[in-house]
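In what follows, a single structure is set out as structure tokens and then discussed.
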Amino acid sequence: MASWAALSPSIVEYFEGEDSYRCGYCKNESGSRSNGMWAHSMTVQDYQDLIDRGWRRSGKYVYKPVMNQTCCPQYTIRCRPLQFQPSKSHKKVLKKMLKFLAKGEISKGNYEDDPMEPTMEDTVAGDFGLINKLDIQCDLKTLSGDLTESFDSEEKKKGKSPKKGESNEFIQSQDIEEKLGSGEPSHPVKMPMAPKPGKGADLSKPPCRKAKEIRKERKRLKLMQQNPAGEPEGFQAQGEPPSLFPPKANKSNQPKSLEDLIFESLPENASHKLEVRVVRSSPPSSQFKATFQESYQVYKRYQMVIHKDPPDKPTVSQFTRFLCSSPLEAENPPNGPDCGYGSFHQQYWLDGRIIAVGVIDILPYCVSSVYLYYDPDYSFLSLGVYSALREIAFTRQLHQKTSQLSYYYMGFYIHSCPKMKYKGQYRPSDLLCPETYVWVPIEQCLPSLENSKYCRFNQDPEAVDEGRSKDPDRLQVFYKKAIMPYGVYKKQQKDPGEEAAVLQYARLVGQTCSERMLLFRN
């Protein structure tokens, strides 16, 4: 895993012009418009800065909708987990899961009509048009021999040995003794999925405080006996995540927190066991490799049942390119989260088998949701909503060590697509202004969106994009085994179209990223 101080620069290959493809939302055959680039590698800081300018990745393809031209404008949306309070419908989903785990109860009614049910898979519904183009444009794109050779020689000059992909894995489990894999270069860090079953817990009402304290004390003593040297970092003995806020004297009148609702005690004879494992997908950890086939089979069935794909469409190649390959470099700074930064799969295991997988990126300031797929047999659990709530709780957990990591990015909010409006129900949340790239509370944006698909949310008419490209000559180019500023590179070029493409790229990525990332040119 890359150290914080010795990162290779991001390397991108920009596709000139604007691409049109079938919209996954309104089904317009050529109405969806975007700019895109192929990311051979990318630092998490560069990707953080890009998504804060409206970019998003699909595998290694990074794209930005042309907001004032595309048929369904896609606004980057982020939730503020530290202030998040679950709504009634959120609580309903969490209680439904607890009842299923405790007693095996399956809620009656038409869960498919639940307004919260359009799940996180819709985050990238429009990407399937892109995937078909990736088959043609990018499937065989690899870093050129010149580029690889150049960086290899640079590493040798510096006396560095090649970096090996390491893996850190968070394990969210009811059983703290359980460990995943063996021989991992860094120890797994335990994160509780739910507490060990309490005795005689009544799910219809909160447990008696005194009895609850007794159970916690027993668990503390048991853990101290099992682990006299001390508890694993980031794990509390009672099997609950660390408290996000100082304890209050009169807690009985306080509403239950998201963690209280997720980590509710289960009875001793619970019908089912659910655990959540966060495994690094790029570079693939041993646990990721060991569960690859099982995870792929869940994805294949999901695509066939939910998206009506024919059996031969959701191939291993598509799955790998779309949901496993990532340009993000694995980074593990000392002040970062214990699992490090990069791309991960959050696996939901029910009774020893995978029933859902959330694909996420952990970045310097946020957890970014990429995709969710699940076993259609468990649609009654509203896994899209449940996984989003778990990811919000996970962000709050990571915030405990890494204070700047405090946002949960849900991809794109599309007001013109009714089934995509559910993302606005995770409050408080903000939308990204497509012109000035500042965050605006969603409540302030909705009235404008009712009147127009495309809106500038920043109400200051004098405000401009502060991160815009101001000096394109400082943009970094990789050309013929050499890194050079664009000001030098352009003197060697005679193609008039070359400058237009580079300036378009600079405008879209902004000054900071244009100076940090290497734009690969042939």
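Every chain in the structure tokens takes a letter, A first, then B, and so on in the order presented; its residues are numbered from 1, and the ligands are numbered from 1 following the presented order.
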
Exercise. Got a sec: who's within 9 Å of Ser32 in chain A, counting only C-alpha atoms, leaving out chain neighbours fewer than 3 positions off, as an MDAnalysis selection string?
Worked result: chainID A and resid 19:24 28:29 65:66 69:73 126 129

Exercise. Please, what distance in Å, to one decimal, runs between CA of Trp38 in chain A and CA of Lys64 in chain A?
Worked result: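 If I compute the distance from CA of Trp38 in chain A to CA of Lys64 in chain A, I get 12.0 Å.
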
Problem set entry | 8 Å contact set for Gly467 in chain A, only C-alpha atoms, chain neighbours under 4 positions out, as a list of chain:residue names |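 Residues meeting the cut-off are A:Gly510, A:Gln511, A:Thr512.
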
Problem set entry | Counting only C-alpha atoms, the residue of A:Asn451, A:Ser382, A:Ser87, A:Gln48 that sits nearest Tyr426 in chain A | A:Ser87

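Atom pair CA of Lys419 in chain A / CA of Gln346 in chain A: separated by 24.1 Å.
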
For this session: List the neighbours of His307 in chain A out to 12 Å using only C-alpha atoms; skip same-chain residues closer than 2 positions along the sequence, and give me the result as a ChimeraX atom specification.
Result: /A:24,121-122,125,128,299-305,309-311,313-314,373-374,376

Residues of the last selection are to be written out with N, CA, C and O atoms, as a PDB file, in the first residue's frame.
```pdb
ATOM      1  N   GLY A  24     -30.050   6.357 -18.824  1.00  0.00           N
ATOM      2  CA  GLY A  24     -30.611   5.280 -18.010  1.00  0.00           C
ATOM      3  C   GLY A  24     -31.804   5.715 -17.183  1.00  0.00           C
ATOM      4  O   GLY A  24     -32.445   4.885 -16.544  1.00  0.00           O
ATOM      5  N   GLU A 121     -28.710   1.352  -6.354  1.00  0.00           N
ATOM      6  CA  GLU A 121     -28.292   0.938  -7.704  1.00  0.00           C
ATOM      7  C   GLU A 121     -28.644   2.016  -8.721  1.00  0.00           C
ATOM      8  O   GLU A 121     -28.017   2.137  -9.758  1.00  0.00           O
ATOM      9  N   ASP A 122     -29.643   2.840  -8.397  1.00  0.00           N
ATOM     10  CA  ASP A 122     -30.024   3.896  -9.324  1.00  0.00           C
ATOM     11  C   ASP A 122     -28.995   5.013  -9.381  1.00  0.00           C
ATOM     12  O   ASP A 122     -29.040   5.850 -10.273  1.00  0.00           O
ATOM     13  N   ALA A 125     -27.587   4.195 -12.600  1.00  0.00           N
ATOM     14  CA  ALA A 125     -28.462   3.634 -13.626  1.00  0.00           C
ATOM     15  C   ALA A 125     -28.066   4.133 -15.000  1.00  0.00           C
ATOM     16  O   ALA A 125     -28.141   3.407 -15.991  1.00  0.00           O
ATOM     17  N   PHE A 128     -25.023   2.398 -17.443  1.00  0.00           N
ATOM     18  CA  PHE A 128     -25.048   1.227 -18.316  1.00  0.00           C
ATOM     19  C   PHE A 128     -24.896   1.613 -19.780  1.00  0.00           C
ATOM     20  O   PHE A 128     -24.382   0.859 -20.583  1.00  0.00           O
ATOM     21  N   TYR A 299     -24.241 -10.523  -7.891  1.00  0.00           N
ATOM     22  CA  TYR A 299     -24.362  -9.446  -8.885  1.00  0.00           C
ATOM     23  C   TYR A 299     -25.096  -9.932 -10.135  1.00  0.00           C
ATOM     24  O   TYR A 299     -25.985  -9.245 -10.652  1.00  0.00           O
ATOM     25  N   LYS A 300     -24.735 -11.115 -10.616  1.00  0.00           N
ATOM     26  CA  LYS A 300     -25.345 -11.642 -11.844  1.00  0.00           C
ATOM     27  C   LYS A 300     -26.842 -11.834 -11.663  1.00  0.00           C
ATOM     28  O   LYS A 300     -27.650 -11.436 -12.512  1.00  0.00           O
ATOM     29  N   ARG A 301     -27.227 -12.395 -10.542  1.00  0.00           N
ATOM     30  CA  ARG A 301     -28.649 -12.629 -10.297  1.00  0.00           C
ATOM     31  C   ARG A 301     -29.392 -11.305 -10.124  1.00  0.00           C
ATOM     32  O   ARG A 301     -30.518 -11.138 -10.593  1.00  0.00           O
ATOM     33  N   TYR A 302     -28.753 -10.365  -9.476  1.00  0.00           N
ATOM     34  CA  TYR A 302     -29.337  -9.032  -9.290  1.00  0.00           C
ATOM     35  C   TYR A 302     -29.601  -8.369 -10.641  1.00  0.00           C
ATOM     36  O   TYR A 302     -30.674  -7.817 -10.877  1.00  0.00           O
ATOM     37  N   GLN A 303     -28.614  -8.411 -11.529  1.00  0.00           N
ATOM     38  CA  GLN A 303     -28.775  -7.783 -12.837  1.00  0.00           C
ATOM     39  C   GLN A 303     -29.874  -8.462 -13.655  1.00  0.00           C
ATOM     40  O   GLN A 303     -30.624  -7.799 -14.374  1.00  0.00           O
ATOM     41  N   MET A 304     -29.973  -9.773 -13.542  1.00  0.00           N
ATOM     42  CA  MET A 304     -30.969 -10.514 -14.319  1.00  0.00           C
ATOM     43  C   MET A 304     -32.386 -10.256 -13.800  1.00  0.00           C
ATOM     44  O   MET A 304     -33.317 -10.081 -14.588  1.00  0.00           O
ATOM     45  N   VAL A 305     -32.541 -10.210 -12.475  1.00  0.00           N
ATOM     46  CA  VAL A 305     -33.883 -10.076 -11.903  1.00  0.00           C
ATOM     47  C   VAL A 305     -34.312  -8.615 -11.819  1.00  0.00           C
ATOM     48  O   VAL A 305     -35.426  -8.253 -12.221  1.00  0.00           O
ATOM     49  N   ASP A 309     -31.547  -8.160 -17.230  1.00  0.00           N
ATOM     50  CA  ASP A 309     -30.469  -8.511 -18.164  1.00  0.00           C
ATOM     51  C   ASP A 309     -30.600  -9.969 -18.585  1.00  0.00           C
ATOM     52  O   ASP A 309     -30.965 -10.830 -17.758  1.00  0.00           O
ATOM     53  N   PRO A 310     -30.274 -10.295 -19.835  1.00  0.00           N
ATOM     54  CA  PRO A 310     -30.203 -11.706 -20.232  1.00  0.00           C
ATOM     55  C   PRO A 310     -29.027 -12.376 -19.516  1.00  0.00           C
ATOM     56  O   PRO A 310     -28.072 -11.694 -19.117  1.00  0.00           O
ATOM     57  N   PRO A 311     -29.073 -13.703 -19.367  1.00  0.00           N
ATOM     58  CA  PRO A 311     -28.041 -14.402 -18.579  1.00  0.00           C
ATOM     59  C   PRO A 311     -26.613 -14.177 -19.064  1.00  0.00           C
ATOM     60  O   PRO A 311     -25.673 -14.241 -18.276  1.00  0.00           O
ATOM     61  N   LYS A 313     -25.335 -11.412 -20.276  1.00  0.00           N
ATOM     62  CA  LYS A 313     -24.887 -10.012 -20.237  1.00  0.00           C
ATOM     63  C   LYS A 313     -24.040  -9.675 -19.016  1.00  0.00           C
ATOM     64  O   LYS A 313     -22.978  -9.059 -19.148  1.00  0.00           O
ATOM     65  N   PRO A 314     -24.475 -10.051 -17.805  1.00  0.00           N
ATOM     66  CA  PRO A 314     -23.644  -9.720 -16.641  1.00  0.00           C
ATOM     67  C   PRO A 314     -22.443 -10.665 -16.517  1.00  0.00           C
ATOM     68  O   PRO A 314     -22.426 -11.597 -15.719  1.00  0.00           O
ATOM     69  N   TYR A 373     -25.544  -3.962  -5.004  1.00  0.00           N
ATOM     70  CA  TYR A 373     -26.279  -5.080  -5.607  1.00  0.00           C
ATOM     71  C   TYR A 373     -26.591  -6.087  -4.508  1.00  0.00           C
ATOM     72  O   TYR A 373     -25.883  -6.175  -3.503  1.00  0.00           O
ATOM     73  N   TYR A 374     -27.710  -6.804  -4.686  1.00  0.00           N
ATOM     74  CA  TYR A 374     -28.160  -7.698  -3.628  1.00  0.00           C
ATOM     75  C   TYR A 374     -28.916  -8.885  -4.208  1.00  0.00           C
ATOM     76  O   TYR A 374     -29.336  -8.878  -5.369  1.00  0.00           O
ATOM     77  N   PRO A 376     -31.981 -10.785  -4.965  1.00  0.00           N
ATOM     78  CA  PRO A 376     -33.383 -10.355  -5.068  1.00  0.00           C
ATOM     79  C   PRO A 376     -34.318 -11.072  -4.106  1.00  0.00           C
ATOM     80  O   PRO A 376     -35.398 -10.556  -3.795  1.00  0.00           O
TER      81      PRO A 376
END
```

Exercise. CA of Arg468 in chain A and CA of Arg521 in chain A, how far apart in Å?
Worked result: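 Computing the Euclidean distance for CA of Arg521 in chain A and CA of Arg468 in chain A yields 21.9 Å.
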
Problem set entry | Selected residue, from A:Phe292, A:Pro472, A:Leu7, A:Lys27, that lies nearest to Ala500 in chain A when counting only C-alpha atoms |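 So, comparing all the options, the nearest one is A:Pro472.
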
Exercise. Neighbours of range 405-418 of chain A within 8 Å (only C-alpha atoms; same-chain residues fewer than 5 positions away dropped), as a PyMOL selection string?
Worked result: chain A and resi 25-26+56+72-82+120+123-124+363-370+391-392+395-396+398-399+423-424+431+449+453

Problem set entry | Val438 in chain A surroundings by only C-alpha atoms, 9 Å radius, close-in-sequence under 6 positions cut, as an MDAnalysis selection string | chainID A and resid 52:53 431:432 457:458 465

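Using only C-alpha atoms, the shortest contact distance between Tyr14 in chain A and any of A:Ile262, A:Ala330, A:Val62, A:Val44 is found at A:Val62.
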
Exercise. Just asking: which residues within range 340-485 of chain A are strand (DSSP E or B) according to DSSP, as a PyMOL selection string?
Worked result: chain A and resi 341-350+353-362+366-374+407-413+429-432+439-441+476-479+482-485
